[in-house]
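A.B. asks: Just one file: query_0.cif, with mmCIF, C-alpha atoms.
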```cif
data_work
loop_
_atom_site.label_atom_id
_atom_site.label_comp_id
_atom_site.auth_asym_id
_atom_site.auth_seq_id
_atom_site.Cartn_x
_atom_site.Cartn_y
_atom_site.Cartn_z
CA MET H 1 -29.86 -33.19 18.81
CA GLY H 2 -32.57 -33.29 16.13
CA ALA H 3 -32.16 -34.32 12.49
CA LEU H 4 -31.69 -30.69 11.44
CA GLY H 5 -28.93 -30.20 14.02
CA LEU H 6 -27.17 -33.38 12.92
CA GLY H 7 -27.37 -32.27 9.30
CA ILE H 8 -25.80 -28.89 10.08
CA ALA H 9 -23.03 -30.52 12.15
CA PHE H 10 -22.23 -32.95 9.33
CA ALA H 11 -22.13 -30.12 6.79
CA LEU H 12 -19.72 -28.18 8.96
CA LEU H 13 -17.43 -31.20 9.29
CA VAL H 14 -17.35 -31.53 5.51
CA LEU H 15 -16.68 -27.83 5.01
CA LEU H 16 -14.02 -27.40 7.70
CA PRO H 17 -11.06 -28.70 5.65
CA SER H 18 -12.01 -26.42 2.77
CA LEU H 19 -12.45 -23.41 5.08
CA GLU H 20 -9.15 -24.19 6.81
CA HIS H 21 -7.38 -24.32 3.42
CA GLN H 22 -8.88 -20.94 2.47
CA VAL H 23 -7.86 -19.36 5.76
CA HIS H 24 -4.35 -20.73 5.47
CA GLY H 25 -4.15 -19.48 1.88
CA LYS H 26 -5.23 -15.98 2.93
CA GLN H 27 -2.81 -16.06 5.84
CA SER H 28 -0.01 -16.96 3.42
CA ASN H 29 -0.83 -13.96 1.23
CA TYR H 30 -1.06 -11.78 4.32
CA GLU H 31 2.36 -12.95 5.49
CA LEU H 32 3.90 -12.19 2.09
CA LYS H 33 2.46 -8.68 2.13
CA LYS H 34 3.78 -8.03 5.64
CA CYS H 35 7.15 -9.73 5.09
CA ASP H 36 10.36 -7.70 4.82
CA ILE H 37 11.64 -9.51 1.75
CA TYR H 38 14.94 -7.62 1.87
CA GLN H 39 16.06 -9.10 5.20
CA GLY H 40 17.41 -12.60 4.75
CA ARG H 41 20.38 -14.67 3.60
CA TRP H 42 21.79 -16.32 0.51
CA VAL H 43 21.25 -20.09 0.43
CA TYR H 44 22.48 -22.75 -1.96
CA ASP H 45 19.89 -24.08 -4.43
CA ALA H 46 20.93 -26.73 -6.94
CA SER H 47 18.04 -25.74 -9.26
CA TYR H 48 19.61 -22.34 -9.92
CA PRO H 49 20.26 -20.35 -12.08
CA LEU H 50 16.78 -19.40 -13.24
CA TYR H 51 17.73 -19.57 -16.94
CA ASP H 52 20.33 -20.68 -19.45
CA SER H 53 22.06 -17.52 -20.65
CA SER H 54 23.02 -19.20 -23.94
CA LEU H 55 19.36 -18.83 -24.93
CA CYS H 56 19.71 -15.05 -24.71
CA SER H 57 22.09 -13.96 -27.45
CA PHE H 58 21.17 -10.33 -26.76
CA ILE H 59 22.98 -10.20 -23.37
CA GLU H 60 25.76 -7.62 -23.45
CA ASN H 61 29.25 -9.05 -23.56
CA ALA H 62 30.06 -7.08 -20.41
CA PHE H 63 27.70 -9.31 -18.39
CA ALA H 64 28.24 -12.65 -20.19
CA CYS H 65 30.78 -14.04 -17.73
CA GLN H 66 30.45 -17.71 -18.70
CA LYS H 67 30.74 -16.91 -22.38
CA ASN H 68 33.86 -14.87 -21.57
CA GLY H 69 35.54 -17.81 -19.85
CA ARG H 70 34.45 -17.81 -16.22
CA ALA H 71 34.70 -21.49 -15.29
CA ASP H 72 33.44 -21.58 -11.68
CA GLU H 73 29.69 -22.07 -11.29
CA LEU H 74 29.03 -21.94 -7.55
CA TYR H 75 28.13 -18.23 -7.74
CA LEU H 76 25.20 -19.21 -9.96
CA LYS H 77 23.65 -21.48 -7.33
CA TYR H 78 22.56 -19.04 -4.64
CA LYS H 79 19.05 -17.77 -4.09
CA TRP H 80 17.82 -15.10 -1.72
CA GLN H 81 15.83 -16.44 1.23
CA PRO H 82 14.01 -13.87 3.43
CA PHE H 83 13.96 -14.66 7.14
CA ALA H 84 10.20 -14.23 7.59
CA CYS H 85 8.69 -15.72 4.42
CA LYS H 86 9.41 -17.56 1.21
CA LEU H 87 9.77 -15.70 -2.07
CA PRO H 88 7.49 -16.93 -4.85
CA ARG H 89 9.57 -18.45 -7.62
CA PHE H 90 9.62 -16.28 -10.71
CA ASP H 91 6.87 -17.36 -13.11
CA ALA H 92 7.42 -15.88 -16.57
CA GLU H 93 4.04 -16.95 -17.95
CA ASP H 94 2.22 -15.50 -14.95
CA PHE H 95 4.11 -12.21 -15.32
CA LEU H 96 3.39 -11.94 -19.05
CA GLU H 97 -0.29 -12.67 -18.48
CA ARG H 98 -0.60 -10.14 -15.66
CA PHE H 99 1.06 -7.46 -17.78
CA ARG H 100 -0.54 -8.24 -21.13
CA ASP H 101 -0.64 -5.07 -23.26
CA LYS H 102 1.40 -3.19 -20.64
CA ARG H 103 4.61 -1.15 -20.91
CA ILE H 104 7.40 -1.24 -18.35
CA MET H 105 10.42 1.05 -18.39
CA PHE H 106 13.75 0.94 -16.58
CA VAL H 107 15.33 4.41 -16.39
CA GLY H 108 18.92 4.80 -15.29
CA ASP H 109 22.56 3.96 -15.92
CA SER H 110 24.38 0.74 -16.82
CA LEU H 111 23.09 -0.93 -13.63
CA SER H 112 19.59 -0.43 -15.05
CA LEU H 113 20.87 -2.02 -18.27
CA ASN H 114 22.15 -4.92 -16.16
CA GLN H 115 18.74 -5.39 -14.52
CA TRP H 116 16.76 -4.88 -17.73
CA GLN H 117 18.81 -7.50 -19.57
CA SER H 118 18.33 -9.90 -16.70
CA PHE H 119 14.56 -9.42 -16.82
CA THR H 120 14.33 -9.84 -20.59
CA CYS H 121 16.32 -13.07 -20.39
CA MET H 122 14.28 -14.42 -17.46
CA LEU H 123 11.16 -13.96 -19.59
CA HIS H 124 12.62 -15.04 -22.94
CA ALA H 125 14.40 -18.16 -21.68
CA ALA H 126 11.16 -19.47 -20.15
CA SER H 127 9.63 -19.61 -23.65
CA SER H 128 12.63 -19.22 -25.94
CA GLU H 129 10.64 -20.18 -29.05
CA SER H 130 8.20 -17.32 -28.59
CA GLU H 131 8.66 -14.36 -30.91
CA TYR H 132 10.05 -11.08 -29.70
CA ASN H 133 10.94 -7.79 -31.28
CA PHE H 134 13.96 -5.69 -30.30
CA GLU H 135 14.71 -2.14 -31.38
CA ARG H 136 16.97 0.68 -30.21
CA ILE H 137 16.23 4.32 -30.97
CA GLY H 138 18.66 6.81 -29.47
CA SER H 139 19.04 6.12 -25.77
CA THR H 140 15.92 3.92 -25.58
CA SER H 141 15.83 0.15 -26.17
CA THR H 142 12.57 -1.82 -26.44
CA PHE H 143 12.10 -5.58 -26.03
CA THR H 144 8.53 -6.64 -26.87
CA PHE H 145 7.10 -10.11 -26.21
CA GLN H 146 4.69 -10.38 -29.09
CA SER H 147 2.54 -13.19 -27.67
CA HIS H 148 1.30 -10.91 -24.86
CA ASN H 149 2.24 -7.50 -26.29
CA VAL H 150 4.34 -6.76 -23.19
CA SER H 151 7.10 -4.20 -23.70
CA LEU H 152 10.15 -3.97 -21.45
CA MET H 153 12.02 -0.77 -22.21
CA LEU H 154 15.28 0.78 -21.08
CA GLN H 155 16.11 4.47 -21.18
CA ARG H 156 19.79 5.18 -20.59
CA ASN H 157 19.69 8.19 -18.30
CA ALA H 158 22.54 8.18 -15.79
CA PHE H 159 21.50 11.23 -13.73
CA LEU H 160 17.69 11.43 -14.26
CA VAL H 161 18.04 15.22 -14.39
CA ASP H 162 18.90 17.12 -17.56
CA ILE H 163 22.31 17.59 -19.17
CA ALA H 164 22.25 20.61 -21.46
CA HIS H 165 24.80 21.20 -24.22
CA ASN H 166 25.73 24.89 -24.22
CA LYS H 167 28.41 26.86 -26.09
CA TYR H 168 30.62 26.75 -23.00
CA GLY H 169 30.19 23.00 -22.40
CA ARG H 170 27.90 20.36 -20.96
CA VAL H 171 25.85 21.44 -17.94
CA LEU H 172 24.34 19.07 -15.38
CA LYS H 173 21.12 20.88 -14.38
CA LEU H 174 20.16 19.74 -10.88
CA ASN H 175 16.74 21.42 -10.97
CA SER H 176 15.50 20.30 -14.37
CA ILE H 177 14.04 17.14 -15.94
CA ASP H 178 14.37 16.92 -19.71
CA HIS H 179 10.95 17.78 -21.16
CA LYS H 180 10.93 14.86 -23.63
CA ASP H 181 11.95 12.41 -20.91
CA GLY H 182 9.15 13.60 -18.65
CA LEU H 183 6.56 13.24 -21.40
CA ALA H 184 7.78 9.71 -22.16
CA TRP H 185 7.71 8.57 -18.52
CA LYS H 186 4.04 9.47 -18.18
CA GLU H 187 3.05 6.79 -20.69
CA PHE H 188 4.19 3.72 -18.72
CA ASP H 189 2.41 1.26 -16.44
CA VAL H 190 5.53 0.51 -14.36
CA LEU H 191 8.62 2.73 -13.95
CA ILE H 192 11.85 1.56 -12.28
CA PHE H 193 14.28 4.43 -11.71
CA ASN H 194 17.93 4.27 -10.71
CA THR H 195 20.82 6.71 -10.43
CA TRP H 196 24.08 6.79 -8.50
CA HIS H 197 26.85 4.98 -10.41
CA TRP H 198 28.06 8.11 -12.28
CA TRP H 199 27.76 10.72 -9.55
CA LEU H 200 31.32 10.36 -8.21
CA HIS H 201 33.09 10.13 -11.59
CA THR H 202 35.73 12.74 -12.30
CA GLY H 203 38.16 13.54 -15.12
CA ARG H 204 37.53 11.86 -18.46
CA LYS H 205 34.69 9.75 -17.07
CA GLN H 206 32.74 12.82 -15.96
CA PRO H 207 30.13 13.56 -18.67
CA TRP H 208 29.69 17.27 -17.85
CA GLU H 209 31.84 20.38 -17.37
CA PHE H 210 29.54 22.44 -15.12
CA ILE H 211 26.81 21.93 -12.52
CA GLN H 212 23.85 24.30 -12.43
CA ASP H 213 21.95 24.68 -9.15
CA GLY H 214 19.19 27.23 -9.57
CA ASN H 215 20.84 30.26 -11.14
CA THR H 216 24.30 29.30 -9.89
CA LEU H 217 26.78 27.71 -12.30
CA ARG H 218 29.69 25.82 -10.75
CA GLN H 219 32.56 23.75 -12.04
CA ASP H 220 31.96 21.32 -9.19
CA MET H 221 30.32 20.91 -5.78
CA ASP H 222 29.87 18.30 -3.05
CA ARG H 223 28.62 15.32 -5.04
CA PHE H 224 26.35 14.01 -2.27
CA VAL H 225 24.69 17.42 -1.99
CA ALA H 226 24.28 17.49 -5.78
CA TYR H 227 22.84 13.96 -5.73
CA GLU H 228 20.23 14.89 -3.14
CA LYS H 229 19.22 18.03 -5.07
CA ALA H 230 18.79 15.98 -8.26
CA LEU H 231 16.75 13.32 -6.47
CA ARG H 232 14.47 16.00 -5.03
CA THR H 233 13.94 17.36 -8.56
CA TRP H 234 12.99 13.84 -9.72
CA ALA H 235 10.73 13.41 -6.66
CA ARG H 236 8.89 16.66 -7.44
CA TRP H 237 8.33 15.43 -11.00
CA VAL H 238 6.85 12.15 -9.72
CA ASP H 239 4.61 13.90 -7.17
CA LYS H 240 3.31 16.28 -9.84
CA ASN H 241 2.94 13.96 -12.81
CA VAL H 242 2.36 10.33 -11.78
CA ASP H 243 -1.13 8.92 -11.30
CA PRO H 244 -0.68 6.01 -8.83
CA THR H 245 -3.87 4.35 -10.04
CA LYS H 246 -2.28 3.95 -13.48
CA THR H 247 1.47 3.78 -12.86
CA LYS H 248 3.54 1.94 -10.26
CA VAL H 249 6.85 3.63 -9.50
CA PHE H 250 9.96 1.92 -8.09
CA PHE H 251 13.36 3.27 -7.18
CA GLN H 252 16.21 0.78 -7.27
CA SER H 253 18.52 1.38 -4.33
CA ILE H 254 22.32 1.67 -4.54
CA SER H 255 24.11 -1.23 -6.23
CA PRO H 256 27.27 -1.85 -4.17
CA THR H 257 30.76 -2.35 -5.54
CA HIS H 258 33.49 -4.70 -4.26
CA TRP H 259 36.80 -3.08 -5.12
CA ASN H 260 38.58 -3.52 -1.78
CA ALA H 261 39.00 -7.10 -0.48
CA SER H 262 40.15 -5.84 2.93
CA PHE H 263 36.54 -4.80 3.58
CA TRP H 264 35.54 -8.46 3.83
CA GLY H 265 38.71 -9.65 5.59
CA ASN H 266 40.65 -11.08 2.66
CA PRO H 267 44.23 -9.80 3.10
CA ASP H 268 45.40 -11.76 0.06
CA GLY H 269 42.83 -10.28 -2.30
CA ARG H 270 42.79 -6.90 -4.01
CA ASN H 271 39.21 -6.75 -5.30
CA CYS H 272 36.44 -9.12 -6.45
CA THR H 273 38.78 -11.32 -8.54
CA ALA H 274 38.58 -15.05 -7.78
CA GLU H 275 35.74 -14.63 -5.27
CA THR H 276 33.38 -17.61 -5.55
CA ARG H 277 31.02 -17.45 -2.51
CA PRO H 278 28.76 -14.86 -0.90
CA LEU H 279 29.54 -13.34 2.46
CA ALA H 280 27.63 -14.54 5.50
CA GLU H 281 27.94 -11.11 7.17
CA PRO H 282 28.02 -7.60 5.66
CA PRO H 283 31.49 -6.28 4.75
CA TYR H 284 32.99 -3.19 6.34
CA PRO H 285 32.04 -0.45 6.72
CA ARG H 286 28.73 -1.73 8.12
CA SER H 287 27.10 1.68 8.31
CA PRO H 288 24.51 2.42 5.56
CA HIS H 289 25.80 3.67 2.23
CA PRO H 290 25.60 7.51 2.38
CA ALA H 291 23.80 7.66 -0.98
CA GLN H 292 21.28 5.10 0.28
CA VAL H 293 20.56 7.34 3.29
CA ILE H 294 19.81 10.18 0.86
CA VAL H 295 17.53 7.98 -1.26
CA GLU H 296 15.47 6.87 1.73
CA LYS H 297 15.21 10.44 3.08
CA VAL H 298 13.95 11.76 -0.27
CA LEU H 299 11.42 8.95 -0.71
CA ARG H 300 10.02 9.50 2.79
CA GLY H 301 9.25 13.12 1.89
CA MET H 302 7.23 12.30 -1.24
CA SER H 303 3.45 12.59 -1.48
CA LYS H 304 3.04 9.88 -4.15
CA PRO H 305 3.84 6.22 -3.35
CA VAL H 306 7.24 5.03 -4.59
CA ASN H 307 8.38 1.50 -3.80
CA LEU H 308 12.02 1.18 -2.79
CA LEU H 309 13.58 -1.88 -4.41
CA ASN H 310 15.97 -2.17 -1.52
CA VAL H 311 18.72 -4.38 -2.96
CA THR H 312 21.76 -2.67 -1.40
CA ALA H 313 22.30 -4.78 1.74
CA LEU H 314 21.65 -8.14 0.10
CA SER H 315 23.89 -7.27 -2.85
CA ARG H 316 26.73 -6.20 -0.54
CA LEU H 317 27.03 -9.88 0.44
CA ARG H 318 27.70 -10.91 -3.19
CA LYS H 319 31.40 -10.17 -3.66
CA ASP H 320 31.40 -13.24 -5.94
CA GLY H 321 28.82 -11.93 -8.41
CA HIS H 322 30.81 -9.39 -10.46
CA PRO H 323 32.37 -9.97 -13.90
CA SER H 324 35.88 -9.12 -12.58
CA ILE H 325 38.18 -10.13 -15.50
CA TYR H 326 35.32 -11.82 -17.39
CA GLY H 327 33.58 -8.65 -18.49
CA ASN H 328 33.65 -6.46 -21.55
CA GLU H 329 37.42 -6.20 -21.94
CA GLY H 330 38.18 -9.84 -21.19
CA HIS H 331 41.32 -10.43 -19.17
CA ARG H 332 42.55 -6.88 -19.83
CA GLY H 333 39.88 -5.18 -17.71
CA MET H 334 38.43 -5.38 -14.22
CA ASP H 335 34.79 -4.87 -13.27
CA CYS H 336 33.69 -5.08 -9.63
CA SER H 337 30.69 -2.78 -10.19
CA HIS H 338 28.37 -4.57 -12.61
CA TRP H 339 27.04 -8.12 -12.27
CA CYS H 340 27.32 -11.37 -14.20
CA LEU H 341 24.21 -12.74 -15.91
CA PRO H 342 22.79 -15.05 -14.75
CA GLY H 343 23.40 -13.61 -11.32
CA VAL H 344 22.45 -11.05 -8.69
CA PRO H 345 20.16 -8.87 -10.90
CA ASP H 346 17.93 -11.95 -11.35
CA THR H 347 17.22 -11.70 -7.63
CA TRP H 348 16.49 -7.98 -7.98
CA ASN H 349 13.89 -8.91 -10.58
CA GLN H 350 12.46 -11.71 -8.46
CA LEU H 351 11.99 -9.13 -5.71
CA LEU H 352 10.42 -6.73 -8.22
CA TYR H 353 8.06 -9.52 -9.34
CA THR H 354 7.16 -10.21 -5.69
CA GLU H 355 6.46 -6.52 -5.05
CA LEU H 356 4.20 -6.36 -8.10
CA ILE H 357 2.16 -9.47 -7.30
CA ARG H 358 1.82 -8.90 -3.54
CA ASN H 359 0.51 -5.37 -4.05
#
```
Turn the structure described in the file into structure tokens.
C.D. replies:
Amino acid sequence: MGALGLGIAFALLVLLPSLEHQVHGKQSNYELKKCDIYQGRWVYDASYPLYDSSLCSFIENAFACQKNGRADELYLKYKWQPFACKLPRFDAEDFLERFRDKRIMFVGDSLSLNQWQSFTCMLHAASSESEYNFERIGSTSTFTFQSHNVSLMLQRNAFLVDIAHNKYGRVLKLNSIDHKDGLAWKEFDVLIFNTWHWWLHTGRKQPWEFIQDGNTLRQDMDRFVAYEKALRTWARWVDKNVDPTKTKVFFQSISPTHWNASFWGNPDGRNCTAETRPLAEPPYPRSPHPAQVIVEKVLRGMSKPVNLLNVTALSRLRKDGHPSIYGNEGHRGMDCSHWCLPGVPDTWNQLLYTELIRN
């Protein structure tokens, strides 16, 4: 081998470690993109929770379980571990820098409030001395991180479709999106939609007197049929109005409840009270939630890309994560629907963060 050949061989030997590192780095990114981050298990992590909730005075009392007297802390120490990859740890500074001058909106019911408050605290607690501005106008709340001009907004909109106030009562209009809502949604860089929690309410908790489907006005109808019709109205709005090059759209899947302890084999329990650990296996019934089946069917039929934030199965394992008696009404109430903060919605947001950075 001549001097030139020896020189090339030496150069390759020097470069190989660097090239190997680059290949491995690319492979790691490739694996994260291909990984099903929603299939996994809850594992103990002593470094959790991700933040100190006492730094976030704006958290609703309904979610402030420790402040309301919940003494056990084991439920705070679990992180979600996918089977096929490792989730990147949430990096608040990285998120704020990536979304400098951007606007993000959560649209939905009180579960969206739960997730939005989690996200604002995850960001604020990482730099609690940084200035923020909070304002609420009507059904819309805005939390702006002034250092990066990043706005996280919440629009309380339990059904996504319109509720009209007519002389004969409130009408849930399955085929109509409120015009002002639609105009507002167009202005955002990221949209995270959610609806389900209110669709089965009846009596005093039902916020409408009639359902309108096309030209037909009813006092009631099959709620799952109504839910699918409303979702298809929302889907048509997205397909017609969203520009995927400017706006990323997510739909948060069904947030499960834990009202019946017999579903996870606890004959001594009535609901989520006194539960302190996640389940290792899904509770009964193990078939998919019927509303989740509808969500996935509607999303598959859309022409514009919508990312499913598929938190249903992993959240079903967290019977320990609800406020129970440590929610809004203290020891007089019971809540096995919403989630303590810190808690499960932090994982939803870590998954949202992963979806945003891997795509």
A.B. asks: Looking at only C-alpha atoms, which of H:Val242, H:Ile357, H:Leu308, H:Leu200 is the one that sits closest to Arg98 of chain H?
C.D. replies: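 Among the listed residues, the smallest separation from Arg98 of chain H belongs to H:Ile357.
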A.B. asks: Pick out the closest residue to Glu73 of chain H from this set: H:Leu172, H:Ala158, H:Val298, H:Ala274. Count only C-alpha atoms.
C.D. replies: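 Of all the options, H:Ala274 lies closest to Glu73 of chain H.
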A.B. asks: Can you pull out every residue within 9 Å of segment 110-118 of chain H, counting only C-alpha atoms, but drop anything in the same chain fewer than 5 positions away, and send it as a PyMOL selection string?
C.D. replies: chain H and resi 58-60+63+105+123+152-158+192-195+197+252+255+337-346+348-349
A.B. asks: Need to verify the contact set: Asp181 of chain H, 10 Å, all atoms listed in the file, exclusion of same-chain residues closer than 5 positions in sequence. Can you return it as a ChimeraX atom specification?
C.D. replies: /H:107,155,157,160-162,186
A.B. asks: Please write the residues picked by the PyMOL selection byres ((chain H and resi 277-292) around 7) on this file as a JSON list (two decimals) with C-alpha atoms, in the coordinates of the input.
C.D. replies:
```json
[["chain", "number", "residue", "atom", "x", "y", "z"],
["H", 75, "TYR", "CA", 28.13, -18.23, -7.74],
["H", 224, "PHE", "CA", 26.35, 14.01, -2.27],
["H", 253, "SER", "CA", 18.52, 1.38, -4.33],
["H", 254, "ILE", "CA", 22.32, 1.67, -4.54],
["H", 263, "PHE", "CA", 36.54, -4.80, 3.58],
["H", 264, "TRP", "CA", 35.54, -8.46, 3.83],
["H", 275, "GLU", "CA", 35.74, -14.63, -5.27],
["H", 276, "THR", "CA", 33.38, -17.61, -5.55],
["H", 293, "VAL", "CA", 20.56, 7.34, 3.29],
["H", 294, "ILE", "CA", 19.81, 10.18, 0.86],
["H", 295, "VAL", "CA", 17.53, 7.98, -1.26],
["H", 296, "GLU", "CA", 15.47, 6.87, 1.73],
["H", 316, "ARG", "CA", 26.73, -6.20, -0.54],
["H", 317, "LEU", "CA", 27.03, -9.88, 0.44],
["H", 318, "ARG", "CA", 27.70, -10.91, -3.19],
["H", 319, "LYS", "CA", 31.40, -10.17, -3.66],
["H", 320, "ASP", "CA", 31.40, -13.24, -5.94]]
```
A.B. asks: Compare H:Ala64, H:Gly333, H:Thr142, H:Val249 by their minimum atom-to-atom distance to Leu299 of chain H, counting only C-alpha atoms, and give me the closest one.
C.D. replies: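 Answer, going by the shortest atom-to-atom distance: H:Val249.
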A.B. asks: Atom CA of Lys167 of chain H to atom CA of Gly214 of chain H: how many Å, to one decimal?
C.D. replies: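 Going from atom CA of Lys167 of chain H over to atom CA of Gly214 of chain H, I get 18.9 Å.
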A.B. asks: Evaluate the PyMOL selection byres ((chain H and resi 359) around 12) on the structure here and hand back the selected residues as a PyMOL selection string.
C.D. replies: chain H and resi 29-30+32-34+248+307+352-358
A.B. asks: Could you check which of H:Phe210, H:Trp185, H:Trp199, H:Tyr132 is closest to His165 of chain H, using only C-alpha atoms?
C.D. replies: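 That would be H:Phe210, the residue with the smallest distance to His165 of chain H.
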A.B. asks: Expand the PyMOL selection byres ((chain H and resi 311) around 7) into the individual residues it matches in the shown file, reporting them as an MDAnalysis selection string.
C.D. replies: chainID H and resid 38 253 309:310 312:315 348
A.B. asks: Once you have the residues from the selection above, write them out as a CSV table (one decimal), keeping the file's coordinate frame, restricted to C-alpha atoms.
C.D. replies:
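This is the output file again_38.csv:
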```
chain,number,residue,atom,x,y,z
H,38,TYR,CA,14.9,-7.6,1.9
H,253,SER,CA,18.5,1.4,-4.3
H,309,LEU,CA,13.6,-1.9,-4.4
H,310,ASN,CA,16.0,-2.2,-1.5
H,312,THR,CA,21.8,-2.7,-1.4
H,313,ALA,CA,22.3,-4.8,1.7
H,314,LEU,CA,21.6,-8.1,0.1
H,315,SER,CA,23.9,-7.3,-2.8
H,348,TRP,CA,16.5,-8.0,-8.0
```
A.B. asks: Quick check, in Å to one decimal: how far apart do atom CA of Phe159 of chain H and atom CA of Asp335 of chain H lie?
C.D. replies: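 Going from atom CA of Phe159 of chain H over to atom CA of Asp335 of chain H covers 20.9 Å.
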A.B. asks: To one decimal in Å, tell me the separation between atom CA of Val150 of chain H and atom CA of Glu97 of chain H.
C.D. replies: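 Those two atoms sit 8.9 Å apart.
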A.B. asks: Calculated over all atoms listed in the file, which of the candidates H:Ala230, H:Ala71, H:Cys336, H:Val225 has the smallest distance to Lys173 of chain H?
C.D. replies: H:Ala230
A.B. asks: Could you pull segment 59-65 of chain H out of the structure just shown and give all heavy atoms as a PDB file, in the first residue's frame?
C.D. replies:
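Below is the file that was written, result_20.pdb:
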```pdb
ATOM      1  N   ILE H  59     -53.059  26.788  39.724  1.00  0.00           N
ATOM      2  CA  ILE H  59     -53.727  25.490  39.544  1.00  0.00           C
ATOM      3  C   ILE H  59     -55.078  25.514  40.244  1.00  0.00           C
ATOM      4  O   ILE H  59     -55.199  25.928  41.392  1.00  0.00           O
ATOM      5  CB  ILE H  59     -52.851  24.342  40.085  1.00  0.00           C
ATOM      6  CG1 ILE H  59     -51.672  24.089  39.146  1.00  0.00           C
ATOM      7  CG2 ILE H  59     -53.669  23.050  40.226  1.00  0.00           C
ATOM      8  CD1 ILE H  59     -50.768  22.949  39.588  1.00  0.00           C
ATOM      9  N   GLU H  60     -56.104  25.058  39.543  1.00  0.00           N
ATOM     10  CA  GLU H  60     -57.455  25.005  40.099  1.00  0.00           C
ATOM     11  C   GLU H  60     -57.485  24.129  41.354  1.00  0.00           C
ATOM     12  O   GLU H  60     -56.821  23.090  41.413  1.00  0.00           O
ATOM     13  CB  GLU H  60     -58.422  24.424  39.063  1.00  0.00           C
ATOM     14  CG  GLU H  60     -58.569  25.224  37.791  1.00  0.00           C
ATOM     15  CD  GLU H  60     -59.629  26.305  37.898  1.00  0.00           C
ATOM     16  OE1 GLU H  60     -60.554  26.149  38.706  1.00  0.00           O
ATOM     17  OE2 GLU H  60     -59.521  27.297  37.150  1.00  0.00           O
ATOM     18  N   ASN H  61     -58.279  24.561  42.313  1.00  0.00           N
ATOM     19  CA  ASN H  61     -58.396  23.799  43.548  1.00  0.00           C
ATOM     20  C   ASN H  61     -58.858  22.372  43.292  1.00  0.00           C
ATOM     21  O   ASN H  61     -58.506  21.443  44.026  1.00  0.00           O
ATOM     22  CB  ASN H  61     -59.365  24.505  44.500  1.00  0.00           C
ATOM     23  CG  ASN H  61     -59.195  24.061  45.930  1.00  0.00           C
ATOM     24  OD1 ASN H  61     -58.079  24.003  46.437  1.00  0.00           O
ATOM     25  ND2 ASN H  61     -60.295  23.724  46.591  1.00  0.00           N
ATOM     26  N   ALA H  62     -59.632  22.168  42.247  1.00  0.00           N
ATOM     27  CA  ALA H  62     -60.158  20.837  41.926  1.00  0.00           C
ATOM     28  C   ALA H  62     -59.065  19.825  41.630  1.00  0.00           C
ATOM     29  O   ALA H  62     -59.272  18.614  41.787  1.00  0.00           O
ATOM     30  CB  ALA H  62     -61.100  20.935  40.726  1.00  0.00           C
ATOM     31  N   PHE H  63     -57.869  20.310  41.197  1.00  0.00           N
ATOM     32  CA  PHE H  63     -56.782  19.411  40.825  1.00  0.00           C
ATOM     33  C   PHE H  63     -55.640  19.416  41.846  1.00  0.00           C
ATOM     34  O   PHE H  63     -54.703  18.626  41.723  1.00  0.00           O
ATOM     35  CB  PHE H  63     -56.208  19.801  39.452  1.00  0.00           C
ATOM     36  CG  PHE H  63     -57.250  20.052  38.398  1.00  0.00           C
ATOM     37  CD1 PHE H  63     -57.115  21.120  37.503  1.00  0.00           C
ATOM     38  CD2 PHE H  63     -58.360  19.234  38.279  1.00  0.00           C
ATOM     39  CE1 PHE H  63     -58.066  21.359  36.525  1.00  0.00           C
ATOM     40  CE2 PHE H  63     -59.326  19.464  37.301  1.00  0.00           C
ATOM     41  CZ  PHE H  63     -59.184  20.528  36.422  1.00  0.00           C
ATOM     42  N   ALA H  64     -55.711  20.299  42.833  1.00  0.00           N
ATOM     43  CA  ALA H  64     -54.606  20.492  43.788  1.00  0.00           C
ATOM     44  C   ALA H  64     -54.732  19.513  44.954  1.00  0.00           C
ATOM     45  O   ALA H  64     -55.015  19.893  46.091  1.00  0.00           O
ATOM     46  CB  ALA H  64     -54.599  21.935  44.281  1.00  0.00           C
ATOM     47  N   CYS H  65     -54.504  18.244  44.676  1.00  0.00           N
ATOM     48  CA  CYS H  65     -54.774  17.185  45.653  1.00  0.00           C
ATOM     49  C   CYS H  65     -53.900  17.300  46.898  1.00  0.00           C
ATOM     50  O   CYS H  65     -54.382  17.101  48.019  1.00  0.00           O
ATOM     51  CB  CYS H  65     -54.587  15.827  45.000  1.00  0.00           C
ATOM     52  SG  CYS H  65     -55.684  15.566  43.584  1.00  0.00           S
TER      53      CYS H  65
END
```
